[in-house]
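Trainee: Could you have a look at this structure, given as structure tokens, before my questions?
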Amino acid sequence: MDRVRCAPPLHVPRPAGPWKGVRENLAHLGNALVYTTWSEWLPSVLTHPRLRELLGQDWDRYRRTPDPAVRHRFAAARLLIKHTAGAALDTAPDHLDLAYRLGGRPYLRGLDQIDLSLTHTGDVIAVGISRTGRIGVDIEFADRFVRLDLLESRILTPAEAAELAGLGARERTERTLRLWTLKEAYSKALGQGLRLGFREFGFSRGGTLLAPDGSAASRGEWGFATHSVLDRYLLSAACHDAGLSTAGDTSVGTMLDPGFLSVMTQVAQPAPGSPPEPTT
């Protein structure tokens, strides 16, 4: 198997796009990665005439959240997920039914082959989507202050600790933060979160999955990447190829049962004569 490639992150500053690269990456690489900022998407949350339809089952949670900032950020993240998936699958975002697994991981109901991952920190939110297997994403401030002695004791394998011991302070901090985001992304892709011991697996400088002793732990079915975004953040992704179909047609009409798609479309439409819902 050729080594899996994680798509480069695409900055999408508004619901209108640009989205072309998302579908292209999903078709050619099997995955796509999108990021934006809360402030860029906030106007859409405040003014979108069909916010209730877009949020779907999340509407009640959105309305019950008392803090306006928390409420609007929650909505912006859900809009980003749905617009990303809609662009990738060539369908209207409000036709997609977003649900959650135990632990809060989002998924698209009725589209079992599609995997999603959401991450956010500071002003940035990012979404990963895959049609070939699991995906996980994580983001951190590139200049985040960390106690290296504490962090390294929690996340580094013996092989990684030996490698970093010979580095200068700055390079050692940068490398540790990169490893941290990669391990978070891999853990999220596996659906384990903080339950997975970060000292039980490691990464080479080239992004290869390693065992604690530094030996190879993957045959190419996993791909990993870390990118600098907006000059302040490290965005890491873990992408898996489970050997699923690699057909190039990623439209929802061919990936989803036609009968179920018809029902979803009908449910997503407002009843005739229904008054518009408030959006804040």
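In the structure tokens, chains take letters A, B, ... by order of appearance, with residues numbered from 1 within each chain and ligands from 1 in the order shown.
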Could the residues of segment 130-168 of chain A that have an atom at most 12 Å from segment 35-56 of chain A be listed as a Markdown table, each with its closest atom pair and the distance in Å to one decimal, counting only C-alpha atoms and ordered by chain and ascending residue number?
Mentor:
```
| residue | atom | partner | partner_atom | distance |
| --- | --- | --- | --- | --- |
| A:Val137 | CA | A:Tyr35 | CA | 10.6 |
| A:Asp138 | CA | A:Tyr35 | CA | 11.1 |
| A:Ile139 | CA | A:Tyr35 | CA | 10.0 |
```
Trainee: What's the 7 Å shell around segment 102-106 of chain A, counting only C-alpha atoms, without same-chain residues fewer than 3 positions away, as a ChimeraX atom specification?
Mentor: /A:98-99,116-117
Trainee: Include N, CA and C atoms and write out the residues we just selected as a short mmCIF file (atom, residue, chain, number, x, y, z; two decimals), in the first residue's frame.
Mentor:
```cif
data_model
loop_
_atom_site.label_atom_id
_atom_site.label_comp_id
_atom_site.auth_asym_id
_atom_site.auth_seq_id
_atom_site.Cartn_x
_atom_site.Cartn_y
_atom_site.Cartn_z
N LEU A 98 -26.41 15.92 11.24
CA LEU A 98 -25.25 15.79 12.11
C LEU A 98 -25.66 15.19 13.44
N ALA A 99 -24.96 14.15 13.86
CA ALA A 99 -25.24 13.50 15.15
C ALA A 99 -23.90 13.29 15.87
N LEU A 116 -15.55 12.26 10.38
CA LEU A 116 -15.36 13.68 10.66
C LEU A 116 -14.53 13.87 11.92
N SER A 117 -13.81 14.98 11.98
CA SER A 117 -13.11 15.37 13.20
C SER A 117 -13.13 16.88 13.30
#
```
Trainee: For Cys239 of chain A, which of A:Arg14, A:Arg71, A:Arg3, A:Arg61 is the closest residue, counting only C-alpha atoms?
Mentor: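 For Cys239 of chain A, the nearest of the given residues is A:Arg3.
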Trainee: Measuring atom to atom with only C-alpha atoms, identify which of A:Leu190, A:Leu118, A:Val124, A:Leu210 is nearest to Leu156 of chain A.
Mentor: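 Closest candidate: A:Leu210.
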Trainee: Using DSSP on the backbone coordinates, identify all residues within segment 77-221 of chain A classified as strand (DSSP E or B); present the result as number ranges by chain.
Mentor: A: 98-100, 106-108, 115-121, 124-130, 135-141, 202-203, 209-210, 216
Trainee: Output N, CA and C atoms for every residue in the selection just made, as a tab-separated table (two decimals), in the first residue's frame.
Mentor:
```tsv
chain	number	residue	atom	x	y	z
A	98	LEU	N	-26.41	15.92	11.24
A	98	LEU	CA	-25.25	15.79	12.11
A	98	LEU	C	-25.66	15.19	13.44
A	99	ALA	N	-24.96	14.15	13.86
A	99	ALA	CA	-25.24	13.50	15.15
A	99	ALA	C	-23.90	13.29	15.87
A	100	TYR	N	-23.96	12.66	17.05
A	100	TYR	CA	-22.76	12.54	17.88
A	100	TYR	C	-22.66	11.14	18.48
A	106	PRO	N	-18.50	13.99	16.24
A	106	PRO	CA	-19.58	14.18	15.27
A	106	PRO	C	-19.53	13.16	14.14
A	107	TYR	N	-20.70	12.84	13.59
A	107	TYR	CA	-20.77	12.01	12.40
A	107	TYR	C	-22.02	12.38	11.60
A	108	LEU	N	-22.06	11.97	10.35
A	108	LEU	CA	-23.20	12.24	9.48
A	108	LEU	C	-24.10	11.02	9.47
A	115	ASP	N	-16.04	10.00	7.66
A	115	ASP	CA	-15.59	10.24	9.02
A	115	ASP	C	-15.27	11.72	9.18
A	116	LEU	N	-15.55	12.26	10.38
A	116	LEU	CA	-15.36	13.68	10.66
A	116	LEU	C	-14.53	13.87	11.92
A	117	SER	N	-13.81	14.98	11.98
A	117	SER	CA	-13.11	15.37	13.20
A	117	SER	C	-13.13	16.88	13.30
A	118	LEU	N	-13.35	17.39	14.52
A	118	LEU	CA	-13.44	18.83	14.78
A	118	LEU	C	-12.42	19.19	15.86
A	119	THR	N	-11.75	20.34	15.67
A	119	THR	CA	-10.84	20.84	16.69
A	119	THR	C	-10.92	22.36	16.71
A	120	HIS	N	-10.61	22.96	17.87
A	120	HIS	CA	-10.60	24.41	17.96
A	120	HIS	C	-9.73	24.84	19.13
A	121	THR	N	-9.12	25.98	18.96
A	121	THR	CA	-8.38	26.63	20.04
A	121	THR	C	-8.20	28.09	19.66
A	124	VAL	N	-9.37	29.85	16.20
A	124	VAL	CA	-9.39	28.98	15.03
A	124	VAL	C	-10.21	27.72	15.26
A	125	ILE	N	-10.95	27.32	14.23
A	125	ILE	CA	-11.64	26.04	14.22
A	125	ILE	C	-11.24	25.31	12.94
A	126	ALA	N	-11.13	23.99	13.03
A	126	ALA	CA	-10.74	23.19	11.87
A	126	ALA	C	-11.56	21.91	11.83
A	127	VAL	N	-11.84	21.46	10.61
A	127	VAL	CA	-12.62	20.24	10.40
A	127	VAL	C	-11.88	19.35	9.42
A	128	GLY	N	-11.79	18.07	9.76
A	128	GLY	CA	-11.25	17.07	8.84
A	128	GLY	C	-12.37	16.15	8.39
A	129	ILE	N	-12.35	15.73	7.12
A	129	ILE	CA	-13.35	14.82	6.59
A	129	ILE	C	-12.64	13.77	5.74
A	130	SER	N	-13.07	12.50	5.87
A	130	SER	CA	-12.43	11.41	5.13
A	130	SER	C	-13.48	10.44	4.62
A	135	ILE	N	-10.23	9.79	10.60
A	135	ILE	CA	-9.44	11.02	10.52
A	135	ILE	C	-9.50	11.73	11.87
A	136	GLY	N	-8.41	12.35	12.25
A	136	GLY	CA	-8.36	13.13	13.48
A	136	GLY	C	-7.57	14.39	13.24
A	137	VAL	N	-8.00	15.50	13.83
A	137	VAL	CA	-7.28	16.76	13.69
A	137	VAL	C	-7.12	17.41	15.06
A	138	ASP	N	-6.03	18.16	15.21
A	138	ASP	CA	-5.78	18.87	16.46
A	138	ASP	C	-5.02	20.14	16.16
A	139	ILE	N	-5.29	21.19	16.93
A	139	ILE	CA	-4.63	22.48	16.71
A	139	ILE	C	-4.19	23.07	18.04
A	140	GLU	N	-3.02	23.70	18.04
A	140	GLU	CA	-2.48	24.34	19.22
A	140	GLU	C	-1.74	25.61	18.81
A	141	PHE	N	-1.59	26.54	19.77
A	141	PHE	CA	-0.75	27.71	19.53
A	141	PHE	C	0.70	27.26	19.32
A	202	GLY	N	4.88	6.64	18.98
A	202	GLY	CA	5.66	7.83	18.69
A	202	GLY	C	5.67	8.15	17.21
A	203	PHE	N	6.44	9.18	16.84
A	203	PHE	CA	6.53	9.61	15.45
A	203	PHE	C	7.98	9.96	15.10
A	209	LEU	N	4.56	6.59	11.95
A	209	LEU	CA	4.13	6.05	13.23
A	209	LEU	C	5.15	5.03	13.74
A	210	LEU	N	5.56	5.20	15.00
A	210	LEU	CA	6.58	4.34	15.57
A	210	LEU	C	6.11	3.69	16.87
A	216	ALA	N	9.20	0.75	13.37
A	216	ALA	CA	8.01	1.11	12.59
A	216	ALA	C	6.77	0.42	13.16
```
Trainee: If we count only C-alpha atoms and set the cut-off at 12 Å, which residues sit around Phe145 of chain A, ignoring sequence neighbours fewer than 5 positions away in its own chain? Please answer as a list in words.
Mentor: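 In the requested format, the answer is Glu140, Leu150, Leu151, Arg170, Thr173, Glu174, Thr176 and Leu177 of chain A.
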Trainee: Which one of A:Tyr62, A:Tyr233, A:Glu163, A:Lys20 sits closest to Asp90 of chain A if you count only C-alpha atoms?
Mentor: A:Lys20
